[in-house]
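Written out below as structure tokens is the structure these notes cover.
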Amino acid sequence: MVCKSWTLPHRSAVPPASHGLLGSVRLTYAVCAFLSICLHSAMRSMLAMVILRMVKPRPEDSLLMALELERSNSTGPGQCGGPVFGPASGIQVTQQTGDLPWTRNQELTFPGVYYYGYVISIPLAGHLSDRFSSKRLFILSLVFEASAYCLLPTMAHHSYGAAVAGLVISGMCAGCGNPPLYQLFVTWAHPTERTSLLSFAYIGLLMGSIVVYPVANYLSDFAWELSFYVVGSVTLVFGISCHWLIYDTLDQHPRISNAEKAYLQREPLSRSQLNVPWRQLLSSLPVYAFILTHVFHNYTFLVLSVVMPRFMREAMQFTIHDVGVLSAAPYLGGMFSKLICVFSCGYVERRVGLNQSWMRRLLYVACSILTMVFIGVIIWAGCEQKTLVMLMYAFLYATTDMGFSAGYWPTLLYFAPSFAGLLSGLANCLAHLSGFLAPHLVAALVHTGTKAEWNIVLLTLILFNGMAMFVFGLFSSTRLQSWDPRRHAESLSANQDNVH
């Protein structure tokens with residue numbers, strides 16, 4: 001018997017999974033999705049690290065640091081950040097060895113420019129992925145973003161404006177890849193496997209950062225441009241190879257077995273059935289809960305990924321080489337969370353059955369509370385407590401990712417699977433506004449890099465986590481909505497079965 005429900009079937013209503021994952025085309029797509037997210041994440045995250053090696057040292061920064069140190073010493077001990085002193089008690093300018101004559105404001109805001117293009121393209125990509133070839137968008141996103149990254153060093157040497165234009169184009173290409181990747185899981189994941197396979201794929205979000213920070217740091221010892229060439233080339237090769245690995249439908253896949261095809265088969269939907277019910281959609285509480293939760297939750301992740309290397313360098317006074325290695329360490333907490341989701345979520349979902357809403361709400365609220373506690377400890381800690389801060393960062397990434405992977409992110413595949421691309425694109429568009437707003441916020445709040453200045457930025461993370469907890473805890477749902485076309489397809493199929 002084939003399960004046709006787009007909400008999770010209860011274990012008593014449906015036989016256990018009848019087709020193994022090992023060697024399946026489902027696993028092939030999950031691995032491709034993992035590698036795609038990994039490479040997108042690597043290209044995005046390495047900017048925060050490489051920017052420290054791209055820009056020339058600025059003599060005026062040492063003067064600002066000296067003035068801030070003098071003020072700090074006059075108000076009392078315990079101040080963190082600012083200059084790093086060498087053995088001769090002279091001021092040592094931040095260890096920048098680049099050749100680009102950019103200002104501090106340009107340097108701070110440049111990594112966030114990526115998200116200008118990202119938020120422009122992602123809503124359109126979400127709409128297209130629901131109606132046209134998700135495979136083509138998936139592949140073109142990788143190929144064109146990789147090409148833009150390979151050209152970025154040349155454009156940066158030409159001018160700051162050219163570099164900004166290149167990074168905006170790169171962000172636009174990346175934005176086109178997220179909705180189709182998410183949408184394809186509707187085809188290539190059984191309802192009892194969605195959270196597990198999504199969690200596995202989104203390990204790439206963390207793995208890309210874990211790998212790229214030390215790699216980019218090592219390559220930048222030779223030339224900062226080398227990081228862009230290597231990561232861009234690897235992404236380009238992988239994007240081209242996906243043409244023979246990923247397919248839009250079960251019928252198009254040349255290597256799928258009949259058993260797996262029957263296992264994944266769903267009632268086909270015509271294009272007329274996929275007309276967007278805008279009135280019902282825009283008045284749906286679960287839709288607003290999903291989108292707003294993603295906006296508030298993603299703020300924490302983006303702020304940490306965009307500015308954490310600079311926080312470690314300025315506020316915690318790590319050396320530039322330590323930043324390159326240790327910036328990846330907190331992501332290990334997120335990896336631990338992902339592994340828990342991969343190996344346990346499918347089992348838990350089958351045990352819970354249809355009514356998942358309470359489980360996901362409870363889990364997300366618990367993760368949000370722990371996240372706010374860990375941020376509070378980082379604010380309280382001094383710059384000399386480096387080990388404690390790094391440990392709290394690891395715990396912070398674990399709870400943040402658990403709330404994402406097992407909390408709110410999979411719910412869209414249950415309450416509105418027919419519009420997963422559209423709604424995930426809209427949610428990502430709004431959520432990634434903070435990607436370019438956060439660097440401007442940091443530039444406005446952090447003038448000299450002291451721990452006290454950075455603590456104000458961390459306080460905003462507590463605020464946004466509290467809002468996400470409130471919204472998702474009260475208004476989220478995993479039940480298939482009445483306006484989703486698959487709800488009508490299920491009802492029709494059930495009626496036909498009753499007649500027979």
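To be explicit about the labels: the chains of the structure tokens are called A, B, and onward in the order shown, and within each one the residues are counted from 1, while ligands get numbers from 1 in the order they are shown.
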* Residue neighbourhood Leu433 in chain A, 8 Å, only C-alpha atoms, exclusion window fewer than 6 positions, as a ChimeraX atom specification -> /A:115-116,119
Write out as a JSON list (two decimals) with N, CA and C atoms, in the first residue's frame which residues come within 10 Å of range 33-38 of chain A when counting only C-alpha atoms, dropping same-chain ones fewer than 5 positions away.
[["chain", "number", "residue", "atom", "x", "y", "z"],
["A", 27, "LEU", "N", 18.58, 8.95, -1.60],
["A", 27, "LEU", "CA", 19.86, 9.27, -0.96],
["A", 27, "LEU", "C", 20.76, 10.06, -1.89],
["A", 28, "THR", "N", 20.72, 9.73, -3.20],
["A", 28, "THR", "CA", 21.52, 10.48, -4.18],
["A", 28, "THR", "C", 21.14, 11.95, -4.16],
["A", 43, "MET", "N", 30.94, 29.56, 0.13],
["A", 43, "MET", "CA", 31.17, 30.81, -0.59],
["A", 43, "MET", "C", 30.67, 32.02, 0.18],
["A", 44, "ARG", "N", 29.55, 31.83, 0.89],
["A", 44, "ARG", "CA", 28.99, 32.93, 1.66],
["A", 44, "ARG", "C", 29.81, 33.21, 2.92],
["A", 138, "PHE", "N", 18.32, 24.72, -9.83],
["A", 138, "PHE", "CA", 19.30, 24.16, -8.91],
["A", 138, "PHE", "C", 20.70, 24.21, -9.52],
["A", 139, "ILE", "N", 20.82, 23.75, -10.76],
["A", 139, "ILE", "CA", 22.13, 23.67, -11.42],
["A", 139, "ILE", "C", 22.65, 25.05, -11.82],
["A", 141, "SER", "N", 22.02, 27.89, -10.56],
["A", 141, "SER", "CA", 22.42, 28.64, -9.38],
["A", 141, "SER", "C", 23.87, 28.36, -9.00],
["A", 142, "LEU", "N", 24.24, 27.08, -8.99],
["A", 142, "LEU", "CA", 25.61, 26.70, -8.64],
["A", 142, "LEU", "C", 26.61, 27.19, -9.69],
["A", 174, "ALA", "N", 22.89, 32.69, -5.95],
["A", 174, "ALA", "CA", 22.69, 31.80, -4.80],
["A", 174, "ALA", "C", 21.23, 31.75, -4.40],
["A", 177, "GLY", "N", 18.95, 29.16, -5.94],
["A", 177, "GLY", "CA", 19.17, 27.75, -5.65],
["A", 177, "GLY", "C", 18.42, 27.21, -4.46],
["A", 178, "ASN", "N", 18.04, 28.08, -3.51],
["A", 178, "ASN", "CA", 17.43, 27.58, -2.28],
["A", 178, "ASN", "C", 16.01, 27.04, -2.46],
["A", 181, "LEU", "N", 15.86, 23.59, -4.33],
["A", 181, "LEU", "CA", 16.43, 22.54, -3.49],
["A", 181, "LEU", "C", 15.40, 22.05, -2.48],
["A", 182, "TYR", "N", 14.70, 22.98, -1.86],
["A", 182, "TYR", "CA", 13.67, 22.65, -0.87],
["A", 182, "TYR", "C", 12.48, 21.98, -1.54],
["A", 184, "LEU", "N", 12.35, 20.20, -4.28],
["A", 184, "LEU", "CA", 12.63, 18.85, -4.76],
["A", 184, "LEU", "C", 12.49, 17.79, -3.67],
["A", 185, "PHE", "N", 12.57, 18.19, -2.41],
["A", 185, "PHE", "CA", 12.36, 17.23, -1.33],
["A", 185, "PHE", "C", 10.90, 16.76, -1.28],
["A", 197, "LEU", "N", 15.98, 13.62, 6.19],
["A", 197, "LEU", "CA", 16.72, 13.95, 4.98],
["A", 197, "LEU", "C", 17.02, 15.44, 4.87],
["A", 198, "LEU", "N", 16.05, 16.28, 5.28],
["A", 198, "LEU", "CA", 16.32, 17.72, 5.31],
["A", 198, "LEU", "C", 17.45, 18.04, 6.27],
["A", 199, "SER", "N", 17.43, 17.40, 7.44],
["A", 199, "SER", "CA", 18.50, 17.64, 8.43],
["A", 199, "SER", "C", 19.85, 17.22, 7.88],
["A", 200, "PHE", "N", 19.87, 16.07, 7.20],
["A", 200, "PHE", "CA", 21.12, 15.63, 6.59],
["A", 200, "PHE", "C", 21.62, 16.63, 5.55],
["A", 201, "ALA", "N", 20.70, 17.09, 4.69],
["A", 201, "ALA", "CA", 21.11, 18.04, 3.65],
["A", 201, "ALA", "C", 21.62, 19.34, 4.27],
["A", 202, "TYR", "N", 20.95, 19.82, 5.30],
["A", 202, "TYR", "CA", 21.32, 21.09, 5.89],
["A", 202, "TYR", "C", 22.52, 20.99, 6.83],
["A", 203, "ILE", "N", 23.07, 19.78, 7.00],
["A", 203, "ILE", "CA", 24.39, 19.68, 7.63],
["A", 203, "ILE", "C", 25.39, 20.46, 6.81],
["A", 204, "GLY", "N", 25.14, 20.53, 5.49],
["A", 204, "GLY", "CA", 26.04, 21.28, 4.61],
["A", 204, "GLY", "C", 26.15, 22.74, 4.99],
["A", 205, "LEU", "N", 25.10, 23.31, 5.58],
["A", 205, "LEU", "CA", 25.14, 24.70, 6.01],
["A", 205, "LEU", "C", 26.25, 24.91, 7.03],
["A", 206, "LEU", "N", 26.43, 23.92, 7.90],
["A", 206, "LEU", "CA", 27.48, 24.00, 8.92],
["A", 206, "LEU", "C", 28.81, 23.48, 8.40],
["A", 207, "MET", "N", 28.76, 22.39, 7.64],
["A", 207, "MET", "CA", 29.99, 21.79, 7.13],
["A", 207, "MET", "C", 30.74, 22.76, 6.21],
["A", 208, "GLY", "N", 29.99, 23.52, 5.41],
["A", 208, "GLY", "CA", 30.65, 24.49, 4.54],
["A", 208, "GLY", "C", 31.46, 25.50, 5.33],
["A", 209, "SER", "N", 30.90, 25.98, 6.44],
["A", 209, "SER", "CA", 31.62, 26.94, 7.28],
["A", 209, "SER", "C", 32.78, 26.28, 8.01],
["A", 210, "ILE", "N", 32.57, 25.06, 8.51],
["A", 210, "ILE", "CA", 33.64, 24.37, 9.24],
["A", 210, "ILE", "C", 34.86, 24.16, 8.35],
["A", 211, "VAL", "N", 34.62, 23.79, 7.10],
["A", 211, "VAL", "CA", 35.73, 23.49, 6.19],
["A", 211, "VAL", "C", 36.35, 24.77, 5.63],
["A", 212, "VAL", "N", 35.52, 25.76, 5.27],
["A", 212, "VAL", "CA", 36.05, 26.89, 4.51],
["A", 212, "VAL", "C", 36.88, 27.84, 5.36],
["A", 235, "THR", "N", 32.93, 24.38, -6.96],
["A", 235, "THR", "CA", 31.48, 24.54, -7.10],
["A", 235, "THR", "C", 31.06, 24.42, -8.56],
["A", 238, "PHE", "N", 31.03, 20.73, -9.60],
["A", 238, "PHE", "CA", 29.91, 20.01, -9.00],
["A", 238, "PHE", "C", 28.58, 20.40, -9.65],
["A", 239, "GLY", "N", 28.39, 21.69, -9.91],
["A", 239, "GLY", "CA", 27.15, 22.15, -10.52],
["A", 239, "GLY", "C", 26.91, 21.50, -11.87],
["A", 242, "CYS", "N", 25.77, 17.81, -11.62],
["A", 242, "CYS", "CA", 24.41, 17.57, -11.14],
["A", 242, "CYS", "C", 23.41, 17.33, -12.28],
["A", 246, "ILE", "N", 20.40, 14.72, -10.80],
["A", 246, "ILE", "CA", 19.16, 15.26, -10.25],
["A", 246, "ILE", "C", 18.10, 15.33, -11.35]]
* May I have the residues within 12 Å of Leu152 in chain A as a ChimeraX atom specification, using only C-alpha atoms and disregarding those fewer than 4 positions away in the same chain? => /A:43,47,54,114,145-148,156-170,224-229,231-232
Save the residues we just selected, N, CA and C atoms, as an mmCIF file, in the first residue's frame?
data_model
loop_
_atom_site.group_PDB
_atom_site.id
_atom_site.type_symbol
_atom_site.label_atom_id
_atom_site.label_comp_id
_atom_site.auth_asym_id
_atom_site.auth_seq_id
_atom_site.Cartn_x
_atom_site.Cartn_y
_atom_site.Cartn_z
ATOM 1 N N MET A 43 30.941 29.564 0.135
ATOM 2 C CA MET A 43 31.172 30.809 -0.592
ATOM 3 C C MET A 43 30.668 32.018 0.179
ATOM 4 N N LEU A 47 33.616 34.927 3.163
ATOM 5 C CA LEU A 47 33.791 36.371 3.051
ATOM 6 C C LEU A 47 34.138 36.995 4.388
ATOM 7 N N MET A 54 41.968 40.891 2.969
ATOM 8 C CA MET A 54 41.872 41.579 1.688
ATOM 9 C C MET A 54 42.276 43.056 1.768
ATOM 10 N N TYR A 114 26.314 40.682 -0.303
ATOM 11 C CA TYR A 114 25.871 39.414 -0.902
ATOM 12 C C TYR A 114 24.355 39.264 -0.813
ATOM 13 N N GLU A 145 26.856 31.197 -9.764
ATOM 14 C CA GLU A 145 27.478 31.749 -8.553
ATOM 15 C C GLU A 145 28.972 31.431 -8.518
ATOM 16 N N ALA A 146 29.331 30.202 -8.925
ATOM 17 C CA ALA A 146 30.745 29.832 -8.964
ATOM 18 C C ALA A 146 31.519 30.715 -9.948
ATOM 19 N N SER A 147 30.929 30.989 -11.094
ATOM 20 C CA SER A 147 31.593 31.845 -12.082
ATOM 21 C C SER A 147 31.781 33.258 -11.535
ATOM 22 N N ALA A 148 30.751 33.777 -10.865
ATOM 23 C CA ALA A 148 30.856 35.122 -10.289
ATOM 24 C C ALA A 148 31.940 35.184 -9.224
ATOM 25 N N ALA A 156 37.352 43.217 -7.543
ATOM 26 C CA ALA A 156 37.755 43.917 -6.319
ATOM 27 C C ALA A 156 38.996 44.757 -6.553
ATOM 28 N N HIS A 157 39.925 44.268 -7.356
ATOM 29 C CA HIS A 157 41.123 45.051 -7.665
ATOM 30 C C HIS A 157 40.794 46.250 -8.547
ATOM 31 N N HIS A 158 39.724 46.125 -9.317
ATOM 32 C CA HIS A 158 39.340 47.246 -10.175
ATOM 33 C C HIS A 158 38.788 48.399 -9.352
ATOM 34 N N SER A 159 37.803 48.108 -8.485
ATOM 35 C CA SER A 159 37.229 49.148 -7.626
ATOM 36 C C SER A 159 36.291 48.515 -6.624
ATOM 37 N N TYR A 160 35.990 49.250 -5.572
ATOM 38 C CA TYR A 160 35.034 48.767 -4.575
ATOM 39 C C TYR A 160 33.646 48.608 -5.199
ATOM 40 N N GLY A 161 33.249 49.538 -6.041
ATOM 41 C CA GLY A 161 31.945 49.456 -6.691
ATOM 42 C C GLY A 161 31.815 48.224 -7.563
ATOM 43 N N ALA A 162 32.874 47.876 -8.292
ATOM 44 C CA ALA A 162 32.840 46.678 -9.131
ATOM 45 C C ALA A 162 32.731 45.421 -8.273
ATOM 46 N N ALA A 163 33.440 45.409 -7.132
ATOM 47 C CA ALA A 163 33.366 44.266 -6.225
ATOM 48 C C ALA A 163 31.955 44.113 -5.667
ATOM 49 N N VAL A 164 31.326 45.224 -5.325
ATOM 50 C CA VAL A 164 29.953 45.184 -4.819
ATOM 51 C C VAL A 164 29.016 44.620 -5.883
ATOM 52 N N ALA A 165 29.160 45.079 -7.119
ATOM 53 C CA ALA A 165 28.318 44.576 -8.201
ATOM 54 C C ALA A 165 28.502 43.075 -8.394
ATOM 55 N N GLY A 166 29.757 42.613 -8.352
ATOM 56 C CA GLY A 166 30.022 41.186 -8.509
ATOM 57 C C GLY A 166 29.424 40.356 -7.388
ATOM 58 N N LEU A 167 29.499 40.882 -6.153
ATOM 59 C CA LEU A 167 28.960 40.137 -5.027
ATOM 60 C C LEU A 167 27.430 40.126 -5.042
ATOM 61 N N VAL A 168 26.811 41.207 -5.502
ATOM 62 C CA VAL A 168 25.350 41.234 -5.640
ATOM 63 C C VAL A 168 24.901 40.184 -6.656
ATOM 64 N N ILE A 169 25.608 40.092 -7.782
ATOM 65 C CA ILE A 169 25.289 39.080 -8.793
ATOM 66 C C ILE A 169 25.449 37.680 -8.214
ATOM 67 N N SER A 170 26.507 37.480 -7.448
ATOM 68 C CA SER A 170 26.724 36.180 -6.809
ATOM 69 C C SER A 170 25.571 35.840 -5.873
ATOM 70 N N TRP A 224 45.093 36.094 -1.002
ATOM 71 C CA TRP A 224 43.681 36.020 -0.632
ATOM 72 C C TRP A 224 42.796 35.670 -1.826
ATOM 73 N N GLU A 225 43.256 36.004 -3.029
ATOM 74 C CA GLU A 225 42.475 35.681 -4.225
ATOM 75 C C GLU A 225 42.317 34.172 -4.428
ATOM 76 N N LEU A 226 43.286 33.398 -3.925
ATOM 77 C CA LEU A 226 43.288 31.960 -4.151
ATOM 78 C C LEU A 226 42.042 31.291 -3.558
ATOM 79 N N SER A 227 41.535 31.813 -2.455
ATOM 80 C CA SER A 227 40.330 31.238 -1.832
ATOM 81 C C SER A 227 39.147 31.281 -2.785
ATOM 82 N N PHE A 228 38.978 32.389 -3.479
ATOM 83 C CA PHE A 228 37.865 32.532 -4.418
ATOM 84 C C PHE A 228 38.019 31.585 -5.601
ATOM 85 N N TYR A 229 39.245 31.460 -6.111
ATOM 86 C CA TYR A 229 39.469 30.602 -7.278
ATOM 87 C C TYR A 229 39.221 29.131 -6.946
ATOM 88 N N VAL A 231 37.472 27.639 -4.274
ATOM 89 C CA VAL A 231 36.092 27.323 -3.914
ATOM 90 C C VAL A 231 35.175 27.482 -5.128
ATOM 91 N N GLY A 232 35.391 28.518 -5.923
ATOM 92 C CA GLY A 232 34.577 28.719 -7.111
ATOM 93 C C GLY A 232 34.729 27.596 -8.121
#
* Measuring atom to atom with only C-alpha atoms, identify which of A:Leu396, A:Met372, A:Leu388, A:Leu437 is nearest to Leu461 in chain A. => A:Met372
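Among A:Ala381, A:Ile375, A:Leu137, A:Val25, the residue with the shortest atom-to-atom distance to Met316 in chain A, counting only C-alpha atoms, is A:Ala381.
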* From A:Pro417, A:Gly473, A:Gly382, A:Pro111, residue lying nearest Arg360 in chain A [only C-alpha atoms] ->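 Among A:Pro417, A:Gly473, A:Gly382, A:Pro111, it is A:Gly473 that comes nearest to Arg360 in chain A.
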* Asked: Quick one, how far is CA of His294 in chain A from CA of Ala468 in chain A?
  -> 7.7 Å
